[in-house]
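Here the structure comes first, spelled out in C-alpha cells, and everything after it is commentary.
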Amino acid sequence: MTFERLRKALAARTPRDFDPSTLVAAELPPGGLAHASVLVPLLVRDGAPCVLLTRRHRHLPRHPGQVSFPGGRNDPGEESLAAALREAHEEIALEPDKAEVLGRLDETLVLASPFRLTPWVARVPYPYPYAGHPGEVDGILYVPLAALLGPGAHHVERHGAYGAQHEVHVYEVEGARIFGATAAVLWQLLEAWRTVG
C-alpha cells in the first residue's frame, strides 16, 4: 500500500529543524519564533489519495481566508505531535486515535507570522464526520495529490521577511490558492510521495 511505503520513506529521512540564525535577529519579535504544529491528513476519497485542508474564516486575525492544515501554536510544555493532534480535534473534529501517524517533515518558517511550524503526516479515515470549528474553519477541502502534481499547479515566488529573501511555494488547484508555509509543507510531502507513488 502506498501509505505504508510513504511511512517507510519518511522514516528513512531525518527531518530538519528550522535554523533561526538565517534571519536578521533585529527583525524578529521579542522571544524569537514561537513553535506551532500542524497535522497533514491524508486519506483516500473516491479511490484517489487526497490531502485534507481547511479554509480559515475571513474574520480571523491571523491568515484570514487562507487554505491551511489543521494546526496552531503549541501550548507551553506541549509536545509537537500532541499539539498537532489537539488542534486537528479542535478544528475538524478528528479524534486523535483516528490519526495513524506516518512521520514528520522538516520544520518550516511561517513568513506572515513569527512561527516555526512542525508538520506531522498522518493517514486519517474517510468517510468520517469531519466538521469545521464554526469560529475558525470556513470549509474543509479534499485535494487529490494528483491535482497538486499536475502540470501548472505549482510555481515559486520570492518574498522578503525577517531580513532575508525566501522561496515561497504556491499551488493553484480546484479553485484554491495555497501558498506560504502550507504550500512549503505540501512541496515536501509531494517530493516524498513521488518516490513511493
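The chains in the C-alpha cells are called A, B, ... from first to last as shown; in each chain the residues are counted from 1, and the ligands are counted from 1 in the order shown.
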Legend entry - Which of segment 35-167 of chain A fall in strand (DSSP E), as an MDAnalysis selection string: chainID A and resid 35:45 48:56 67:68 71:73 100:104 108:110 115:123 137:144 154:161 164:167
How about saving the chosen residues, C-alpha atoms kept, as a PDB file, in the first residue's frame?
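Here's the written file part.pdb:
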ATOM      1  CA  HIS A  35       6.525  26.933  17.918  1.00  0.00           C
ATOM      2  CA  ALA A  36       3.439  25.685  16.100  1.00  0.00           C
ATOM      3  CA  SER A  37       2.426  22.303  14.749  1.00  0.00           C
ATOM      4  CA  VAL A  38       0.113  21.048  12.013  1.00  0.00           C
ATOM      5  CA  LEU A  39      -1.376  17.723  11.011  1.00  0.00           C
ATOM      6  CA  VAL A  40      -1.045  16.814   7.319  1.00  0.00           C
ATOM      7  CA  PRO A  41      -4.051  14.475   6.935  1.00  0.00           C
ATOM      8  CA  LEU A  42      -4.001  12.005   4.036  1.00  0.00           C
ATOM      9  CA  LEU A  43      -6.996   9.923   3.037  1.00  0.00           C
ATOM     10  CA  VAL A  44      -8.477   8.005   0.126  1.00  0.00           C
ATOM     11  CA  ARG A  45     -11.605   9.544  -1.385  1.00  0.00           C
ATOM     12  CA  ALA A  48      -7.822   8.777  -5.050  1.00  0.00           C
ATOM     13  CA  PRO A  49      -5.237   9.745  -2.404  1.00  0.00           C
ATOM     14  CA  CYS A  50      -6.128  13.225  -1.112  1.00  0.00           C
ATOM     15  CA  VAL A  51      -4.869  15.713   1.424  1.00  0.00           C
ATOM     16  CA  LEU A  52      -7.365  17.346   3.769  1.00  0.00           C
ATOM     17  CA  LEU A  53      -7.023  21.127   4.076  1.00  0.00           C
ATOM     18  CA  THR A  54      -9.116  23.796   5.747  1.00  0.00           C
ATOM     19  CA  ARG A  55     -10.155  27.251   4.630  1.00  0.00           C
ATOM     20  CA  ARG A  56      -9.794  29.663   7.517  1.00  0.00           C
ATOM     21  CA  VAL A  67      -6.062  27.499   2.953  1.00  0.00           C
ATOM     22  CA  SER A  68      -4.116  25.683   5.645  1.00  0.00           C
ATOM     23  CA  GLY A  71      -2.916  23.183  13.488  1.00  0.00           C
ATOM     24  CA  GLY A  72      -1.740  26.055  15.626  1.00  0.00           C
ATOM     25  CA  ARG A  73       0.542  27.228  18.393  1.00  0.00           C
ATOM     26  CA  GLU A 100      -2.314   6.967  12.006  1.00  0.00           C
ATOM     27  CA  VAL A 101       0.906   8.986  12.160  1.00  0.00           C
ATOM     28  CA  LEU A 102       3.232   8.219   9.243  1.00  0.00           C
ATOM     29  CA  GLY A 103       6.098  10.576  10.070  1.00  0.00           C
ATOM     30  CA  ARG A 104       7.379  14.118  10.335  1.00  0.00           C
ATOM     31  CA  THR A 108       9.045  25.395   8.110  1.00  0.00           C
ATOM     32  CA  LEU A 109       9.089  29.153   8.648  1.00  0.00           C
ATOM     33  CA  VAL A 110       5.739  30.954   8.562  1.00  0.00           C
ATOM     34  CA  PHE A 115       6.164  30.830  13.877  1.00  0.00           C
ATOM     35  CA  ARG A 116       8.346  27.843  13.137  1.00  0.00           C
ATOM     36  CA  LEU A 117       5.995  25.095  12.067  1.00  0.00           C
ATOM     37  CA  THR A 118       6.401  21.340  12.608  1.00  0.00           C
ATOM     38  CA  PRO A 119       4.312  19.199  10.211  1.00  0.00           C
ATOM     39  CA  TRP A 120       3.162  15.669  11.080  1.00  0.00           C
ATOM     40  CA  VAL A 121       1.855  13.429   8.291  1.00  0.00           C
ATOM     41  CA  ALA A 122      -0.987  11.062   9.174  1.00  0.00           C
ATOM     42  CA  ARG A 123      -3.401   8.766   7.437  1.00  0.00           C
ATOM     43  CA  VAL A 137     -12.910  26.948   9.775  1.00  0.00           C
ATOM     44  CA  ASP A 138     -14.993  28.128   6.839  1.00  0.00           C
ATOM     45  CA  GLY A 139     -14.706  24.867   4.913  1.00  0.00           C
ATOM     46  CA  ILE A 140     -12.926  21.536   4.541  1.00  0.00           C
ATOM     47  CA  LEU A 141     -11.200  20.728   1.249  1.00  0.00           C
ATOM     48  CA  TYR A 142     -10.181  17.316  -0.083  1.00  0.00           C
ATOM     49  CA  VAL A 143      -7.476  17.948  -2.679  1.00  0.00           C
ATOM     50  CA  PRO A 144      -6.263  14.984  -4.764  1.00  0.00           C
ATOM     51  CA  HIS A 154       2.819  24.774  -8.786  1.00  0.00           C
ATOM     52  CA  HIS A 155       5.105  27.770  -9.055  1.00  0.00           C
ATOM     53  CA  VAL A 156       7.629  29.557  -6.856  1.00  0.00           C
ATOM     54  CA  GLU A 157       7.788  33.226  -5.863  1.00  0.00           C
ATOM     55  CA  ARG A 158      10.387  35.183  -3.874  1.00  0.00           C
ATOM     56  CA  HIS A 159       9.366  37.227  -0.824  1.00  0.00           C
ATOM     57  CA  GLY A 160      11.299  39.095   1.850  1.00  0.00           C
ATOM     58  CA  ALA A 161      10.659  38.610   5.570  1.00  0.00           C
ATOM     59  CA  ALA A 164      16.008  37.630   4.302  1.00  0.00           C
ATOM     60  CA  GLN A 165      14.660  36.520   0.932  1.00  0.00           C
ATOM     61  CA  HIS A 166      12.632  33.313   0.928  1.00  0.00           C
ATOM     62  CA  GLU A 167      11.393  30.906  -1.714  1.00  0.00           C
TER      63      GLU A 167
END
Legend entry - 9 Å contact set for Ala26 of chain A, only C-alpha atoms, chain neighbours under 2 positions out, as a ChimeraX atom specification: /A:23-24,28-29,162-163
Keeping C-alpha atoms, export the residues of the selection given above as a PDB file, in the first residue's frame.
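Listed below is the output, result-v1.pdb:
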ATOM      1  CA  LEU A  23      17.169  35.508   9.775  1.00  0.00           C
ATOM      2  CA  VAL A  24      18.037  39.016  10.909  1.00  0.00           C
ATOM      3  CA  LEU A  28      12.341  39.027  14.902  1.00  0.00           C
ATOM      4  CA  PRO A  29       9.791  39.621  17.675  1.00  0.00           C
ATOM      5  CA  TYR A 162      12.739  38.919   8.737  1.00  0.00           C
ATOM      6  CA  GLY A 163      15.608  40.479   6.801  1.00  0.00           C
TER       7      GLY A 163
END
Inset, instruction - Excluding Arg177 of chain A and residues on its chain fewer than 3 positions from it, collect all residues at most 10 Å away from it, counting only C-alpha atoms, and give them as number ranges by chain. - result: A: 66-67, 153-154, 170-174, 183
Generate the output file for the selected residues, C-alpha atoms, as a short mmCIF file (atom, residue, chain, number, x, y, z; two decimals), in the first residue's frame.
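Below is the file that was written, result38.cif:
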data_model
loop_
_atom_site.label_atom_id
_atom_site.label_comp_id
_atom_site.auth_asym_id
_atom_site.auth_seq_id
_atom_site.Cartn_x
_atom_site.Cartn_y
_atom_site.Cartn_z
CA GLN A 66 -6.24 31.20 3.70
CA VAL A 67 -6.06 27.50 2.95
CA ALA A 153 -0.38 23.52 -10.43
CA HIS A 154 2.82 24.77 -8.79
CA VAL A 170 2.33 28.35 -4.49
CA TYR A 171 -0.26 25.79 -5.64
CA GLU A 172 -3.38 26.72 -7.55
CA VAL A 173 -5.78 23.77 -7.83
CA GLU A 174 -9.53 23.30 -7.94
CA ALA A 183 2.49 25.10 0.27
#
Legend entry - Every residue of chain A that DSSP places in helix (DSSP H, G or I), as a ChimeraX atom specification: /A:2-11,20-22,25-27,80-92,96-98,145-149,180-194
Legend entry - Using only C-alpha atoms: which of A:Asp46, A:Glu4, A:Asp75, A:Glu191 has the shortest distance to Glu87 of chain A: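 Smallest separation from Glu87 of chain A among the options: A:Asp75.
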Inset, instruction - Excluding His133 of chain A and any residue of its chain fewer than 5 positions from it, enumerate the residues within 9 Å of it, using only C-alpha atoms, and give them as a ChimeraX atom specification. - result: /A:90-93,138
Legend entry - Residue contacts of Pro96 of chain A (8 Å, only C-alpha atoms) excluding same-chain residues fewer than 3 positions away, as a list in words: Leu85, Arg86, Ala88, His89 and Ala99 of chain A
Please produce a file of the residues just selected, as a short mmCIF file (atom, residue, chain, number, x, y, z; two decimals), in the first residue's frame, where the atoms kept are N, CA and C atoms.
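Result saved to part16.cif:
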data_model
loop_
_atom_site.label_atom_id
_atom_site.label_comp_id
_atom_site.auth_asym_id
_atom_site.auth_seq_id
_atom_site.Cartn_x
_atom_site.Cartn_y
_atom_site.Cartn_z
N LEU A 85 -2.28 16.99 16.98
CA LEU A 85 -3.48 16.17 17.15
C LEU A 85 -4.57 16.93 17.90
N ARG A 86 -4.19 17.71 18.90
CA ARG A 86 -5.18 18.52 19.64
C ARG A 86 -5.84 19.53 18.71
N ALA A 88 -6.10 19.42 15.45
CA ALA A 88 -6.94 18.76 14.46
C ALA A 88 -8.29 18.37 15.07
N HIS A 89 -8.27 17.97 16.33
CA HIS A 89 -9.53 17.66 17.01
C HIS A 89 -10.39 18.91 17.15
N ALA A 99 -6.04 9.10 13.91
CA ALA A 99 -4.91 9.53 13.06
C ALA A 99 -3.78 8.51 13.17
#
Legend entry - Residue among A:Ala34, A:Asp97, A:Ala176, A:Thr22 lying closest to Asn74 of chain A, counting only C-alpha atoms: A:Ala34
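The gap separating atom CA of Val168 of chain A from atom CA of Leu105 of chain A is 16.9 Å, in Å to one decimal.
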Inset, instruction - Might you pull out every residue within 10 Å of Tyr128 of chain A, with only C-alpha atoms counted and same-chain residues fewer than 4 positions away left off, and present them as a PyMOL selection string? - result: chain A and resi 93-94+98+124
Inset, instruction - Choose the residue, out of A:Leu33, A:Leu149, A:Ala131, A:Leu81, that has the smallest atom-to-atom separation from Ser113 of chain A; count only C-alpha atoms. - result: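 Among the listed residues, A:Leu33 lies closest to Ser113 of chain A.
For the pair atom CA of Gly180 of chain A and atom CA of Asp106 of chain A, the separation is 14.4 Å.
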